[in-house]
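Text of the file start_6.txt, holding compact mmCIF, C-alpha atoms and all ligand atoms:
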```txt
# COMPACT_ATOMS: atom_id res chain seq x y z
CA MET D 1 -23.22 33.66 31.69
CA ALA D 2 -19.79 32.88 33.07
CA ILE D 3 -18.54 29.43 32.18
CA THR D 4 -17.46 27.63 35.34
CA GLU D 5 -16.26 24.11 35.84
CA THR D 6 -19.72 23.14 37.07
CA THR D 7 -21.51 24.37 33.94
CA PRO D 8 -22.96 21.23 32.37
CA VAL D 9 -21.37 20.38 29.06
CA THR D 10 -23.33 21.40 25.98
CA TYR D 11 -22.68 19.92 22.58
CA ASP D 12 -24.10 21.51 19.46
CA PRO D 13 -22.55 19.81 16.42
CA PHE D 14 -23.60 22.70 14.17
CA SER D 15 -21.99 25.49 16.22
CA TRP D 16 -18.87 27.13 14.83
CA GLU D 17 -17.01 26.32 18.03
CA ILE D 18 -17.53 22.59 17.49
CA GLN D 19 -16.90 22.75 13.76
CA HIS D 20 -13.64 24.56 14.48
CA ASN D 21 -12.36 22.35 17.32
CA PRO D 22 -14.67 19.74 18.86
CA TYR D 23 -12.01 17.96 20.92
CA PRO D 24 -12.28 19.87 24.24
CA THR D 25 -16.05 19.27 24.19
CA TYR D 26 -15.56 15.62 23.26
CA GLU D 27 -13.35 15.21 26.31
CA ARG D 28 -16.07 16.62 28.56
CA LEU D 29 -18.72 14.45 26.90
CA ARG D 30 -16.71 11.27 27.44
CA GLU D 31 -15.96 12.12 31.07
CA GLU D 32 -19.07 14.00 32.26
CA ALA D 33 -21.89 12.97 29.95
CA PRO D 34 -21.08 9.73 28.11
CA VAL D 35 -24.81 9.40 27.39
CA TYR D 36 -25.57 12.96 26.30
CA HIS D 37 -29.02 14.27 25.50
CA SER D 38 -29.48 17.39 23.37
CA GLU D 39 -32.77 19.17 24.08
CA LYS D 40 -32.04 21.66 21.32
CA HIS D 41 -31.65 19.18 18.46
CA GLY D 42 -33.44 16.21 20.06
CA PHE D 43 -30.75 13.56 19.95
CA TRP D 44 -28.71 11.29 22.21
CA ALA D 45 -24.96 10.88 21.80
CA LEU D 46 -22.46 8.18 22.77
CA SER D 47 -18.83 9.24 22.80
CA ARG D 48 -16.71 6.59 24.55
CA HIS D 49 -14.87 4.12 22.34
CA ALA D 50 -16.44 1.01 23.98
CA ASP D 51 -19.95 2.45 23.66
CA VAL D 52 -19.59 3.56 20.04
CA LEU D 53 -18.22 0.11 19.22
CA ALA D 54 -21.04 -1.72 21.07
CA ALA D 55 -23.79 0.36 19.42
CA SER D 56 -22.18 -0.12 15.98
CA LEU D 57 -22.39 -3.87 16.58
CA ALA D 58 -26.14 -3.72 17.35
CA PRO D 59 -27.62 -2.74 13.96
CA LEU D 60 -31.15 -3.88 14.84
CA THR D 61 -31.28 -1.86 18.06
CA PHE D 62 -29.61 1.17 16.46
CA VAL D 63 -30.93 1.16 12.93
CA SER D 64 -29.77 3.24 9.96
CA SER D 65 -33.04 3.39 8.04
CA HIS D 66 -34.11 6.66 9.76
CA GLY D 67 -31.03 8.40 8.40
CA VAL D 68 -27.33 8.39 9.26
CA THR D 69 -27.00 12.15 9.64
CA LEU D 70 -28.39 14.09 12.57
CA GLU D 71 -30.94 15.75 10.34
CA GLY D 72 -32.03 12.45 8.78
CA VAL D 73 -33.00 14.26 5.57
CA GLU D 74 -31.77 11.34 3.49
CA GLN D 75 -34.33 9.00 5.10
CA GLY D 76 -36.39 7.11 2.52
CA GLN D 77 -33.76 7.16 -0.22
CA PRO D 78 -32.73 3.74 -1.56
CA LEU D 79 -29.14 4.11 -0.30
CA LEU D 80 -27.16 1.05 0.80
CA ILE D 81 -26.04 2.85 3.96
CA LEU D 82 -29.69 3.36 5.01
CA LYS D 83 -30.70 -0.27 4.79
CA ASP D 84 -31.05 -2.45 7.88
CA PRO D 85 -30.46 -6.18 8.19
CA PRO D 86 -31.42 -8.46 6.60
CA GLU D 87 -32.12 -6.39 3.44
CA HIS D 88 -28.84 -4.54 3.92
CA GLU D 89 -26.84 -7.74 3.50
CA TRP D 90 -28.59 -8.65 0.22
CA HIS D 91 -27.74 -5.24 -1.26
CA ARG D 92 -24.26 -5.03 0.21
CA LYS D 93 -23.30 -8.30 -1.49
CA VAL D 94 -23.90 -6.67 -4.89
CA VAL D 95 -21.82 -3.56 -4.17
CA SER D 96 -19.09 -5.65 -2.50
CA ARG D 97 -18.47 -7.28 -5.87
CA VAL D 98 -17.04 -3.93 -7.03
CA PHE D 99 -14.58 -3.51 -4.17
CA THR D 100 -12.67 -6.79 -4.32
CA PRO D 101 -9.09 -6.48 -2.99
CA ARG D 102 -7.80 -7.42 -6.45
CA TYR D 103 -9.80 -4.69 -8.21
CA VAL D 104 -8.76 -2.07 -5.66
CA ALA D 105 -5.10 -3.12 -6.02
CA SER D 106 -5.41 -2.86 -9.82
CA LEU D 107 -6.31 0.84 -9.44
CA GLU D 108 -3.00 1.80 -7.79
CA PRO D 109 -1.10 2.65 -11.03
CA TYR D 110 -3.97 4.90 -12.15
CA ILE D 111 -4.15 6.58 -8.74
CA ARG D 112 -0.39 7.20 -8.80
CA GLN D 113 -0.49 8.55 -12.35
CA VAL D 114 -3.21 11.05 -11.42
CA ALA D 115 -1.44 12.06 -8.19
CA CYS D 116 1.82 12.63 -10.08
CA GLU D 117 0.12 14.65 -12.83
CA LEU D 118 -1.65 16.88 -10.33
CA LEU D 119 1.42 17.46 -8.15
CA ASP D 120 3.85 17.94 -11.04
CA GLY D 121 1.61 20.79 -12.18
CA LEU D 122 2.14 22.46 -8.79
CA ARG D 123 5.92 22.01 -8.53
CA ASP D 124 6.87 25.59 -9.34
CA ARG D 125 4.09 27.29 -7.43
CA GLU D 126 4.91 29.50 -4.44
CA VAL D 127 1.57 28.65 -2.84
CA PHE D 128 -1.13 26.14 -3.74
CA ASP D 129 -4.38 24.93 -2.27
CA VAL D 130 -3.91 21.30 -1.19
CA ILE D 131 -7.67 20.79 -1.31
CA GLU D 132 -8.99 22.44 -4.47
CA GLU D 133 -5.91 21.63 -6.53
CA PHE D 134 -5.09 18.18 -5.23
CA SER D 135 -7.11 16.35 -2.57
CA VAL D 136 -10.48 16.99 -4.23
CA GLN D 137 -9.24 16.25 -7.73
CA LEU D 138 -7.54 12.92 -6.94
CA PRO D 139 -10.50 10.98 -5.46
CA LEU D 140 -12.89 12.68 -7.87
CA ARG D 141 -10.94 11.33 -10.81
CA VAL D 142 -10.57 7.92 -9.18
CA ALA D 143 -14.31 7.71 -8.38
CA ALA D 144 -15.07 8.87 -11.92
CA GLU D 145 -12.77 6.19 -13.33
CA LEU D 146 -14.30 3.57 -11.06
CA LEU D 147 -17.83 4.47 -12.08
CA GLY D 148 -17.12 5.39 -15.72
CA ILE D 149 -18.19 9.04 -15.28
CA PRO D 150 -17.27 11.10 -18.37
CA GLU D 151 -14.93 14.12 -18.08
CA ASP D 152 -17.61 16.79 -18.53
CA HIS D 153 -19.69 15.43 -15.61
CA ARG D 154 -16.86 15.35 -13.07
CA GLN D 155 -16.57 18.97 -11.94
CA PRO D 156 -20.38 19.45 -11.72
CA ILE D 157 -20.54 16.31 -9.56
CA HIS D 158 -17.84 17.65 -7.25
CA GLU D 159 -19.47 21.07 -6.97
CA ALA D 160 -22.89 19.57 -6.25
CA SER D 161 -21.35 17.16 -3.67
CA ASP D 162 -19.71 20.09 -1.86
CA ARG D 163 -22.98 22.04 -1.78
CA LEU D 164 -24.88 18.96 -0.63
CA VAL D 165 -23.21 18.99 2.83
CA ASP D 166 -23.92 22.69 3.49
CA ARG D 167 -25.90 23.34 6.72
CA ASP D 168 -27.45 26.44 8.30
CA ASP D 169 -27.11 27.52 11.96
CA ASP D 170 -29.78 25.04 13.06
CA GLY D 171 -28.14 22.22 11.21
CA LYS D 172 -30.78 22.13 8.49
CA PRO D 173 -29.64 21.61 4.90
CA THR D 174 -29.70 24.96 3.13
CA ASP D 175 -32.01 25.47 0.12
CA ASP D 176 -28.89 25.25 -2.02
CA ALA D 177 -27.97 21.89 -0.43
CA MET D 178 -31.43 20.55 -1.29
CA ALA D 179 -31.10 21.84 -4.86
CA ALA D 180 -27.66 20.18 -5.12
CA GLN D 181 -29.16 16.85 -4.07
CA ILE D 182 -31.71 17.04 -6.90
CA GLU D 183 -29.00 18.08 -9.38
CA LEU D 184 -26.75 15.18 -8.35
CA VAL D 185 -29.44 12.56 -8.78
CA ALA D 186 -30.40 14.10 -12.15
CA LEU D 187 -26.73 13.92 -13.25
CA MET D 188 -26.53 10.30 -12.18
CA TYR D 189 -29.81 9.46 -13.86
CA GLU D 190 -28.41 10.86 -17.10
CA LEU D 191 -25.41 8.56 -16.72
CA VAL D 192 -27.60 5.53 -16.11
CA THR D 193 -29.59 6.31 -19.26
CA GLU D 194 -26.37 6.79 -21.22
CA HIS D 195 -24.90 3.51 -19.93
CA ARG D 196 -28.12 1.73 -20.88
CA ARG D 197 -27.76 3.09 -24.43
CA ASN D 198 -24.06 2.16 -24.66
CA PRO D 199 -23.35 -0.76 -22.32
CA SER D 200 -19.70 -1.09 -21.33
CA ASP D 201 -17.57 -3.22 -19.05
CA GLY D 202 -16.97 -2.13 -15.52
CA VAL D 203 -18.78 -1.22 -12.37
CA PHE D 204 -21.96 -0.03 -14.03
CA ASP D 205 -22.42 -3.33 -15.86
CA LEU D 206 -21.74 -5.17 -12.66
CA LEU D 207 -24.39 -3.24 -10.74
CA VAL D 208 -26.91 -3.52 -13.57
CA ASN D 209 -26.47 -7.23 -14.06
CA SER D 210 -26.01 -8.49 -10.47
CA PRO D 211 -29.39 -9.25 -8.94
CA VAL D 212 -30.15 -8.61 -5.30
CA VAL D 213 -30.92 -12.04 -3.81
CA ASP D 214 -32.98 -12.31 -0.61
CA ASP D 215 -32.86 -15.09 2.03
CA GLU D 216 -35.45 -17.13 0.12
CA GLY D 217 -33.38 -16.96 -3.06
CA ASN D 218 -35.71 -14.48 -4.83
CA GLU D 219 -33.79 -12.29 -7.27
CA GLU D 220 -34.41 -8.68 -8.29
CA LEU D 221 -32.38 -6.31 -10.47
CA LEU D 222 -31.92 -2.70 -9.35
CA SER D 223 -34.28 -0.19 -11.02
CA ASP D 224 -32.85 2.81 -12.90
CA GLU D 225 -33.74 5.06 -9.97
CA GLU D 226 -31.96 2.77 -7.50
CA LEU D 227 -28.95 2.62 -9.83
CA ALA D 228 -28.78 6.41 -10.03
CA ILE D 229 -28.90 6.69 -6.24
CA ARG D 230 -26.31 3.91 -5.79
CA PHE D 231 -24.03 5.77 -8.22
CA GLN D 232 -24.54 9.00 -6.34
CA GLU D 233 -23.77 7.24 -3.04
CA LEU D 234 -20.51 5.80 -4.35
CA ALA D 235 -19.42 9.02 -6.06
CA PHE D 236 -20.15 11.12 -2.96
CA ALA D 237 -18.75 8.65 -0.40
CA GLY D 238 -15.79 8.02 -2.68
CA HIS D 239 -14.59 11.57 -3.01
CA GLU D 240 -15.91 13.90 -0.26
CA THR D 241 -14.25 11.89 2.50
CA VAL D 242 -10.82 11.25 0.94
CA ALA D 243 -10.76 14.89 -0.15
CA ARG D 244 -10.90 15.86 3.57
CA LEU D 245 -8.64 13.12 4.94
CA ILE D 246 -5.59 14.12 2.88
CA PRO D 247 -5.53 17.75 4.13
CA ASN D 248 -6.14 16.58 7.71
CA GLY D 249 -2.90 14.63 7.30
CA VAL D 250 -1.13 17.68 5.87
CA VAL D 251 -2.15 19.68 8.95
CA ALA D 252 -1.01 16.85 11.26
CA LEU D 253 2.38 16.68 9.54
CA THR D 254 2.79 20.45 9.72
CA TRP D 255 2.23 20.38 13.45
CA THR D 256 4.39 17.26 13.92
CA PRO D 257 7.57 17.98 11.94
CA ASP D 258 9.33 14.94 13.41
CA ALA D 259 6.71 12.65 11.91
CA ARG D 260 7.00 14.45 8.58
CA ARG D 261 10.80 14.07 8.58
CA ARG D 262 10.51 10.34 9.42
CA LEU D 263 8.10 9.82 6.52
CA VAL D 264 10.39 11.63 4.09
CA ALA D 265 13.32 9.47 5.21
CA ASP D 266 11.33 6.22 5.30
CA PRO D 267 8.21 6.10 3.06
CA SER D 268 7.42 2.58 4.34
CA LEU D 269 5.91 4.42 7.34
CA VAL D 270 3.27 6.10 5.17
CA PRO D 271 0.52 3.48 5.80
CA ALA D 272 0.96 4.15 9.55
CA ALA D 273 0.53 7.87 8.85
CA VAL D 274 -2.71 7.16 6.98
CA GLU D 275 -4.11 5.13 9.91
CA GLU D 276 -3.07 7.77 12.41
CA THR D 277 -4.63 10.57 10.34
CA LEU D 278 -7.88 8.60 10.27
CA ARG D 279 -7.81 8.39 14.05
CA TRP D 280 -6.42 11.83 14.81
CA ASP D 281 -8.98 13.80 12.77
CA ALA D 282 -11.45 11.61 10.89
CA PRO D 283 -13.45 13.04 7.98
CA SER D 284 -16.67 11.48 9.32
CA HIS D 285 -17.19 12.48 12.96
CA TYR D 286 -20.41 10.74 13.82
CA GLN D 287 -22.77 8.10 12.53
CA GLY D 288 -26.48 8.67 12.96
CA ARG D 289 -28.81 5.91 14.13
CA TRP D 290 -32.37 5.49 15.48
CA SER D 291 -33.15 3.45 18.60
CA THR D 292 -35.74 0.71 18.17
CA GLU D 293 -35.81 -0.24 21.87
CA ALA D 294 -34.79 1.27 25.20
CA THR D 295 -31.20 0.57 26.28
CA GLU D 296 -29.26 1.48 29.39
CA TRP D 297 -25.77 2.97 29.34
CA HIS D 298 -23.88 3.95 32.52
CA GLY D 299 -27.17 4.14 34.43
CA VAL D 300 -28.90 6.33 31.81
CA THR D 301 -31.70 5.02 29.61
CA ILE D 302 -31.90 5.93 25.96
CA PRO D 303 -35.59 5.37 25.20
CA ALA D 304 -36.92 3.72 22.05
CA ASP D 305 -37.63 5.84 18.94
CA GLN D 306 -34.87 8.37 19.44
CA ARG D 307 -32.17 9.81 17.19
CA VAL D 308 -28.79 8.60 18.48
CA ILE D 309 -25.39 9.62 17.20
CA LEU D 310 -22.22 7.59 17.65
CA ILE D 311 -19.42 10.13 17.86
CA THR D 312 -16.47 8.27 16.36
CA GLY D 313 -14.46 11.52 16.41
CA ALA D 314 -14.72 11.49 20.23
CA ALA D 315 -14.19 7.72 20.52
CA ASN D 316 -10.99 8.09 18.47
CA HIS D 317 -9.54 10.27 21.26
CA ASP D 318 -10.72 8.18 24.21
CA PRO D 319 -7.82 7.90 26.68
CA ARG D 320 -9.23 4.53 27.80
CA VAL D 321 -7.94 3.17 24.47
CA TYR D 322 -5.34 5.65 23.22
CA ASP D 323 -2.46 7.02 25.31
CA HIS D 324 -1.90 10.74 24.70
CA ALA D 325 -4.74 10.59 22.20
CA GLU D 326 -4.27 14.19 21.07
CA ARG D 327 -0.76 13.34 19.87
CA PHE D 328 -0.18 12.38 16.22
CA ASP D 329 1.95 9.28 16.71
CA LEU D 330 3.29 7.16 13.86
CA ASP D 331 4.13 4.33 16.26
CA ARG D 332 0.62 3.98 17.64
CA ARG D 333 -1.18 0.65 17.31
CA ASN D 334 -4.87 0.96 16.53
CA ASP D 335 -6.53 -2.44 16.86
CA ARG D 336 -10.15 -1.33 16.67
CA PRO D 337 -10.21 1.65 14.33
CA LEU D 338 -13.63 3.30 14.12
CA SER D 339 -13.18 5.92 11.41
CA PHE D 340 -14.61 3.67 8.70
CA GLY D 341 -17.46 2.63 11.00
CA PHE D 342 -17.71 -0.85 12.49
CA GLY D 343 -19.96 -3.88 12.04
CA VAL D 344 -22.32 -4.45 9.13
CA HIS D 345 -21.96 -0.93 7.71
CA LEU D 346 -18.14 -0.95 7.75
CA CYS D 347 -17.06 1.30 4.90
CA LEU D 348 -16.96 -0.58 1.61
CA GLY D 349 -14.41 1.82 0.19
CA ALA D 350 -11.99 1.64 3.15
CA ASN D 351 -9.19 -0.08 1.24
CA LEU D 352 -9.58 2.22 -1.73
CA ALA D 353 -9.54 5.26 0.57
CA ARG D 354 -6.44 3.97 2.35
CA MET D 355 -4.66 3.42 -0.94
CA GLU D 356 -5.57 6.84 -2.36
CA THR D 357 -4.36 8.55 0.80
CA LYS D 358 -1.17 6.50 0.93
CA VAL D 359 -0.30 7.38 -2.68
CA ALA D 360 -1.22 11.03 -2.04
CA PHE D 361 1.12 11.27 0.99
CA GLU D 362 3.95 9.43 -0.80
CA GLU D 363 3.87 11.63 -3.88
CA LEU D 364 3.29 14.86 -1.95
CA LEU D 365 6.24 14.22 0.40
CA ALA D 366 8.48 13.16 -2.49
CA ARG D 367 8.00 16.55 -4.15
CA PHE D 368 7.39 18.82 -1.17
CA PRO D 369 9.28 17.46 1.85
CA GLU D 370 8.57 20.63 3.83
CA TRP D 371 5.94 23.34 3.72
CA GLU D 372 4.31 26.09 5.76
CA LEU D 373 0.60 26.73 6.09
CA GLU D 374 -0.79 30.00 4.70
CA GLU D 375 -2.95 30.45 7.79
CA SER D 376 -4.96 33.38 6.45
CA GLY D 377 -6.32 31.33 3.55
CA ILE D 378 -7.55 28.35 5.57
CA VAL D 379 -11.32 27.87 5.37
CA ARG D 380 -13.35 25.24 7.19
CA LEU D 381 -16.41 23.56 5.70
CA ARG D 382 -19.62 24.02 7.64
CA THR D 383 -21.33 20.65 7.43
CA GLY D 384 -23.15 17.89 9.22
CA ASN D 385 -21.10 14.76 9.81
CA VAL D 386 -18.33 15.37 7.25
CA ARG D 387 -15.61 17.26 9.09
CA GLY D 388 -12.90 19.00 7.14
CA LEU D 389 -11.48 22.02 5.41
CA ALA D 390 -12.60 23.69 2.20
CA HIS D 391 -9.26 25.42 1.51
CA LEU D 392 -5.76 24.67 2.78
CA PRO D 393 -3.12 26.81 1.06
CA ILE D 394 0.46 25.73 1.68
CA ARG D 395 3.81 27.30 0.79
CA PRO D 396 6.47 24.68 -0.05
CA VAL D 397 9.83 25.37 1.57
CA ARG D 398 12.61 25.05 -1.01
CA THR D 399 15.63 23.57 0.68
CA THR D 400 18.50 21.32 -0.26
CA ASP D 401 19.08 20.29 3.35
CA PRO D 402 17.67 16.71 3.68
CA THR D 403 17.73 16.82 7.49
CA ARG D 404 15.12 19.59 7.73
C1 LIG W 1 -11.35 8.47 4.14
C2 LIG W 1 -12.34 8.05 3.43
C3 LIG W 1 -13.62 7.44 3.96
C4 LIG W 1 -14.15 7.49 5.22
C5 LIG W 1 -13.58 8.18 6.46
C6 LIG W 1 -15.39 6.74 5.17
C7 LIG W 1 -16.21 6.53 6.27
C8 LIG W 1 -17.30 5.69 6.27
C9 LIG W 1 -18.05 5.35 7.43
C10 LIG W 1 -17.80 5.89 8.84
C11 LIG W 1 -19.03 4.48 7.06
C12 LIG W 1 -20.06 3.82 7.97
C13 LIG W 1 -21.29 4.66 8.08
C14 LIG W 1 -22.29 4.14 9.08
O1 LIG W 1 -21.98 3.23 9.86
O2 LIG W 1 -23.40 4.68 9.11
C15 LIG W 1 -18.90 4.29 5.63
C16 LIG W 1 -19.74 3.51 4.87
C17 LIG W 1 -19.64 3.45 3.49
N1 LIG W 1 -18.64 3.95 2.70
FE1 LIG W 1 -17.07 5.02 3.29
N2 LIG W 1 -15.57 6.27 3.91
C18 LIG W 1 -14.51 6.67 3.13
C19 LIG W 1 -14.31 6.39 1.80
C20 LIG W 1 -15.17 5.68 1.01
C21 LIG W 1 -14.93 5.37 -0.39
C22 LIG W 1 -13.66 5.73 -1.17
C23 LIG W 1 -16.05 4.71 -0.82
C24 LIG W 1 -16.37 4.17 -2.17
C25 LIG W 1 -15.84 4.50 -3.32
C26 LIG W 1 -16.95 4.57 0.30
C27 LIG W 1 -18.17 3.94 0.27
C28 LIG W 1 -18.93 3.64 1.39
C29 LIG W 1 -20.18 2.89 1.33
C30 LIG W 1 -20.86 2.34 0.08
C31 LIG W 1 -20.62 2.77 2.65
C32 LIG W 1 -21.90 2.07 3.13
C33 LIG W 1 -21.60 0.68 3.56
C34 LIG W 1 -22.81 -0.04 4.13
O3 LIG W 1 -23.75 0.60 4.62
O4 LIG W 1 -22.80 -1.27 4.08
N3 LIG W 1 -16.38 5.17 1.40
N4 LIG W 1 -17.82 5.02 5.18
```
Once more with this new file: its structure as structure tokens, please.
Ligand code: HEM
Amino acid sequence: MAITETTPVTYDPFSWEIQHNPYPTYERLREEAPVYHSEKHGFWALSRHADVLAASLAPLTFVSSHGVTLEGVEQGQPLLILKDPPEHEWHRKVVSRVFTPRYVASLEPYIRQVACELLDGLRDREVFDVIEEFSVQLPLRVAAELLGIPEDHRQPIHEASDRLVDRDDDGKPTDDAMAAQIELVALMYELVTEHRRNPSDGVFDLLVNSPVVDDEGNEELLSDEELAIRFQELAFAGHETVARLIPNGVVALTWTPDARRRLVADPSLVPAAVEETLRWDAPSHYQGRWSTEATEWHGVTIPADQRVILITGAANHDPRVYDHAERFDLDRRNDRPLSFGFGVHLCLGANLARMETKVAFEELLARFPEWELEESGIVRLRTGNVRGLAHLPIRPVRTTDPTR
């Protein structure tokens, strides 16, 4: 069938076309179908910034307990991200104790040491893979440090986390993804048992010994199964996303050499580059919800009991909020960033993620002020709501000319 301007927009998040470049379709969704219904996958989608924001701020109308992916396969697991108010708040308080600004700040020297070690090992290489050799390793080691995961468990956890997000053509988790989920929980369960045998300071102790307190003041400690799942949640959320954000920034800086040159000359601009990378191509493109009541948007009703996705990736490019949204712009102000979610489920690791990415950009640019992409080696991940690359080989350009 010939595609004409009157062909209604179709959006299939699992198609290769969307995985490769969703932005032209996002534009059509925002303009032509801001309340989109997919017959094929049975979901509704909001894509304008104001709508994604409003739905994120209504956690009892758009609940998370039916799953936050399109497939909803994680439904029923005792994950923090799947809890709805008020229970969500009781559990979030416990995990929040880990991510205090002071604790996150105290991790910076360790993050820098790891980043320097990894990048120094790549200094003399003609070509290296930014993802496998750097952006995966950095957050993996930081998450492992944070959670006290021993060396021999780290690579298996990364490999299982990568397999976990694998999807087939219909968006269903592959058999291997299901197997990876079981392996990950088993690995985490082993760690919980080990920590019980040899208690130590740190995050584990904090999670074990901080009771969940409900509104009546009743207290309950997390069970071993809940602890294993909470560990898995933090390890996965803590490394899969940062591992994709860093290379998205590398691509942005390759395509925007002026921005790259400004960052090399003035590293105080790096935090702005981190924020802009989050907006320009976020690692998490949509948040899944379930409607508990009918709501009306732009004259269209989303009925109760429906899967709804909030496409932050589309909202991040909404021209109603961002001028020249497709442009990577270090001078952009982003007052209501959505890439870490918004409202009660706002990412707990946002400050840690920002710091890891800042350090990664600083150390990368200090050693490799210019590079070229090895286009033929670039591989995209095929996933649900984590968007990113699996391999990004780059060739550093050796030059003594500081103005390049
Ligand atoms: C660039 C990196 C990251 C991105 C883009 C990201 C994105 C997000 C988003 C969009 C949400 C909200 C999900 C929803 O509303 O359904 C979220 C929640 C969460 N994130 Fe992150 N995240 C990142 C890094 C991290 C890190 C480093 C950690 C921890 C080590 C972490 C832990 C969590 C947790 C525990 C939640 C659930 C919060 C709740 O439900 O109350 N994230 N993240």
Quiz item: Within 7 Å of (-18.0, 12.0, 21.2), all atoms listed in the file: residues as a list in words?
Solution: Tyr26, Leu29, Arg30, Leu46, Ser47, Arg48, Ile311, Thr312, Gly313, Ala314 and Ala315 of chain D
Exercise. Rank nothing, just name the residue among D:Pro22, D:His324, D:Glu31, D:Val98 nearest to Ala282 in chain D, using all atoms listed in the file.
Key: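 Distance minimum relative to Ala282 in chain D lands on D:Pro22.
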Quiz item: What separation in Å, quoted to one decimal, exists between CA of Glu133 in chain D and CA of Tyr286 in chain D?
Solution: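 So the two atoms, CA of Glu133 in chain D and CA of Tyr286 in chain D, lie 27.3 Å apart.
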Exercise. Go through D:Ile18, D:Leu227, D:Val213, D:Leu191 one by one, measure the shortest atom-to-atom distance of each to Pro78 in chain D using only C-alpha atoms, and give the residue with the smallest value.
Key: D:Leu227
Self-check item: Residue nearest ligand LIG 1 (chain W) - candidates D:Thr7, D:Gln113, D:Asn218, D:Ser135, atoms counted: only C-alpha atoms and all ligand atoms
Solution: D:Ser135
Quiz item: What is the CA of Ala105 in chain D-atom C19 of ligand LIG 1 (chain W) distance in Å, reported with one decimal?
Solution: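 Atom-to-atom, CA of Ala105 in chain D and atom C19 of ligand LIG 1 (chain W) are spaced 15.4 Å apart.
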Quiz item: Hey, can you check how far CA of Leu187 in chain D sits from CA of Gln75 in chain D?
Solution: 20.5 Å
Exercise. Name the closest residue to Ser38 in chain D among the candidates D:Thr174, D:Asn198, D:Gln306, D:Asn21; distances are taken between atoms, counting only C-alpha atoms.
Key: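 Ranked by minimum distance to Ser38 in chain D, first place goes to D:Gln306.
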As lines of an AutoDock Vina configuration file, please report the centre and edge lengths, rounded to one decimal in Å, of the axis-aligned box that holds all listed atoms of range 29-42 of chain D with 8 Å of padding on each of the six sides.
```
center_x = -24.7
center_y = 15.5
center_z = 25.4
size_x = 33.5
size_y = 28.3
size_z = 29.8
```
Exercise. Could you give me, as a ChimeraX atom specification, the residues that sit within 10 Å of (-23.3, 23.0, 17.6) in the file's coordinates, counting only C-alpha atoms?
Key: /D:10-19,22,40-41,169-171,384
Quiz prompt | Proximity to ligand LIG 1 (chain W) - best of D:Gly121, D:Gly42, D:Gly388, D:Pro150, all atoms listed in the file | solution =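 Closest to ligand LIG 1 (chain W), using all atoms listed in the file: D:Gly388.
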Practice problem: Counting all atoms listed in the file, figure out which residue out of D:Ala228, D:Ile309, D:Val68, D:Val242 gets nearest to Arg141 in chain D. | Solution: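 The shortest atom-to-atom distance to Arg141 in chain D comes from D:Val242.
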Long-range neighbours of Ala45 in chain D as a short mmCIF file (atom, residue, chain, number, x, y, z; two decimals) with C-alpha atoms, in the frame of the given file, 7 Å cut-off, only C-alpha atoms, 4 positions minimum in chain:
```cif
data_model
loop_
_atom_site.label_atom_id
_atom_site.label_comp_id
_atom_site.auth_asym_id
_atom_site.auth_seq_id
_atom_site.Cartn_x
_atom_site.Cartn_y
_atom_site.Cartn_z
CA VAL D 35 -24.81 9.40 27.39
CA TYR D 36 -25.57 12.96 26.30
CA HIS D 37 -29.02 14.27 25.50
CA VAL D 308 -28.79 8.60 18.48
CA ILE D 309 -25.39 9.62 17.20
CA LEU D 310 -22.22 7.59 17.65
CA ILE D 311 -19.42 10.13 17.86
#
```
Practice problem: Tell me, as a list in words, which residues lie within 10 Å of Val127 in chain D, counting only C-alpha atoms; anything in the same chain fewer than 3 positions away does not count. | Solution: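 My reading of the contact set: Leu122, Arg123, Asp124, Val130, Trp371, Glu372, Leu373, Glu374, Pro393, Ile394, Arg395, Pro396 and Val397 of chain D.
Residues in contact with range 301-305 of chain D at 6 Å, where only C-alpha atoms are counted and same-chain residues fewer than 3 positions away are skipped, are listed as Ser291, Thr292, Glu293, Ala294, Thr295 and Glu296 of chain D.
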Exercise. Considering only C-alpha atoms, return as a list in words whatever protein or nucleic-acid residues lie within 10 Å of range 89-93 of chain D, sequence-local ones (same chain, fewer than 6 positions apart) excluded.
Key: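 Surrounding residues, per the criterion: Leu79, Leu80, Ile81, Lys83, Ser210, Pro211, Val212, Val213, Asp214, Asp215, Glu219, Leu222, Val344, His345 and Leu348 of chain D.
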Quiz item: Which residues come within 10 Å of Tyr189 in chain D, counting only C-alpha atoms, excluding same-chain residues fewer than 4 positions away, as a VMD selection string?
Solution: chain D and resid 183 to 185 193 to 195 224 to 229 231 to 232
Range 168-242 of chain D residues near range 356-366 of chain D within 12 Å, closest pair each, using only C-alpha atoms, as JSON lines:
```
{"residue": "D:Gly238", "atom": "CA", "partner": "D:Glu356", "partner_atom": "CA", "distance": 10.3}
{"residue": "D:His239", "atom": "CA", "partner": "D:Glu356", "partner_atom": "CA", "distance": 10.2}
{"residue": "D:Thr241", "atom": "CA", "partner": "D:Thr357", "partner_atom": "CA", "distance": 10.6}
{"residue": "D:Val242", "atom": "CA", "partner": "D:Thr357", "partner_atom": "CA", "distance": 7.0}
```
Output file for the selection above: C-alpha atoms, as a PDB file, in the coordinates of the input:
```
ATOM      1  CA  GLY D 238     -15.790   8.020  -2.680  1.00  0.00           C
ATOM      2  CA  HIS D 239     -14.590  11.570  -3.010  1.00  0.00           C
ATOM      3  CA  THR D 241     -14.250  11.890   2.500  1.00  0.00           C
ATOM      4  CA  VAL D 242     -10.820  11.250   0.940  1.00  0.00           C
TER       5      VAL D 242
END
```
Range 242-285 of chain D near range 335-341 of chain D within 8 Å: what's each residue's closest atom pair and its distance in Å to one decimal, counting only C-alpha atoms, ordered by chain then ascending residue number, as JSON lines?
```
{"residue": "D:Leu278", "atom": "CA", "partner": "D:Ser339", "partner_atom": "CA", "distance": 6.0}
{"residue": "D:Arg279", "atom": "CA", "partner": "D:Ser339", "partner_atom": "CA", "distance": 6.5}
{"residue": "D:Ala282", "atom": "CA", "partner": "D:Ser339", "partner_atom": "CA", "distance": 6.0}
{"residue": "D:Pro283", "atom": "CA", "partner": "D:Ser339", "partner_atom": "CA", "distance": 7.9}
{"residue": "D:Ser284", "atom": "CA", "partner": "D:Ser339", "partner_atom": "CA", "distance": 6.9}
{"residue": "D:His285", "atom": "CA", "partner": "D:Ser339", "partner_atom": "CA", "distance": 7.8}
```
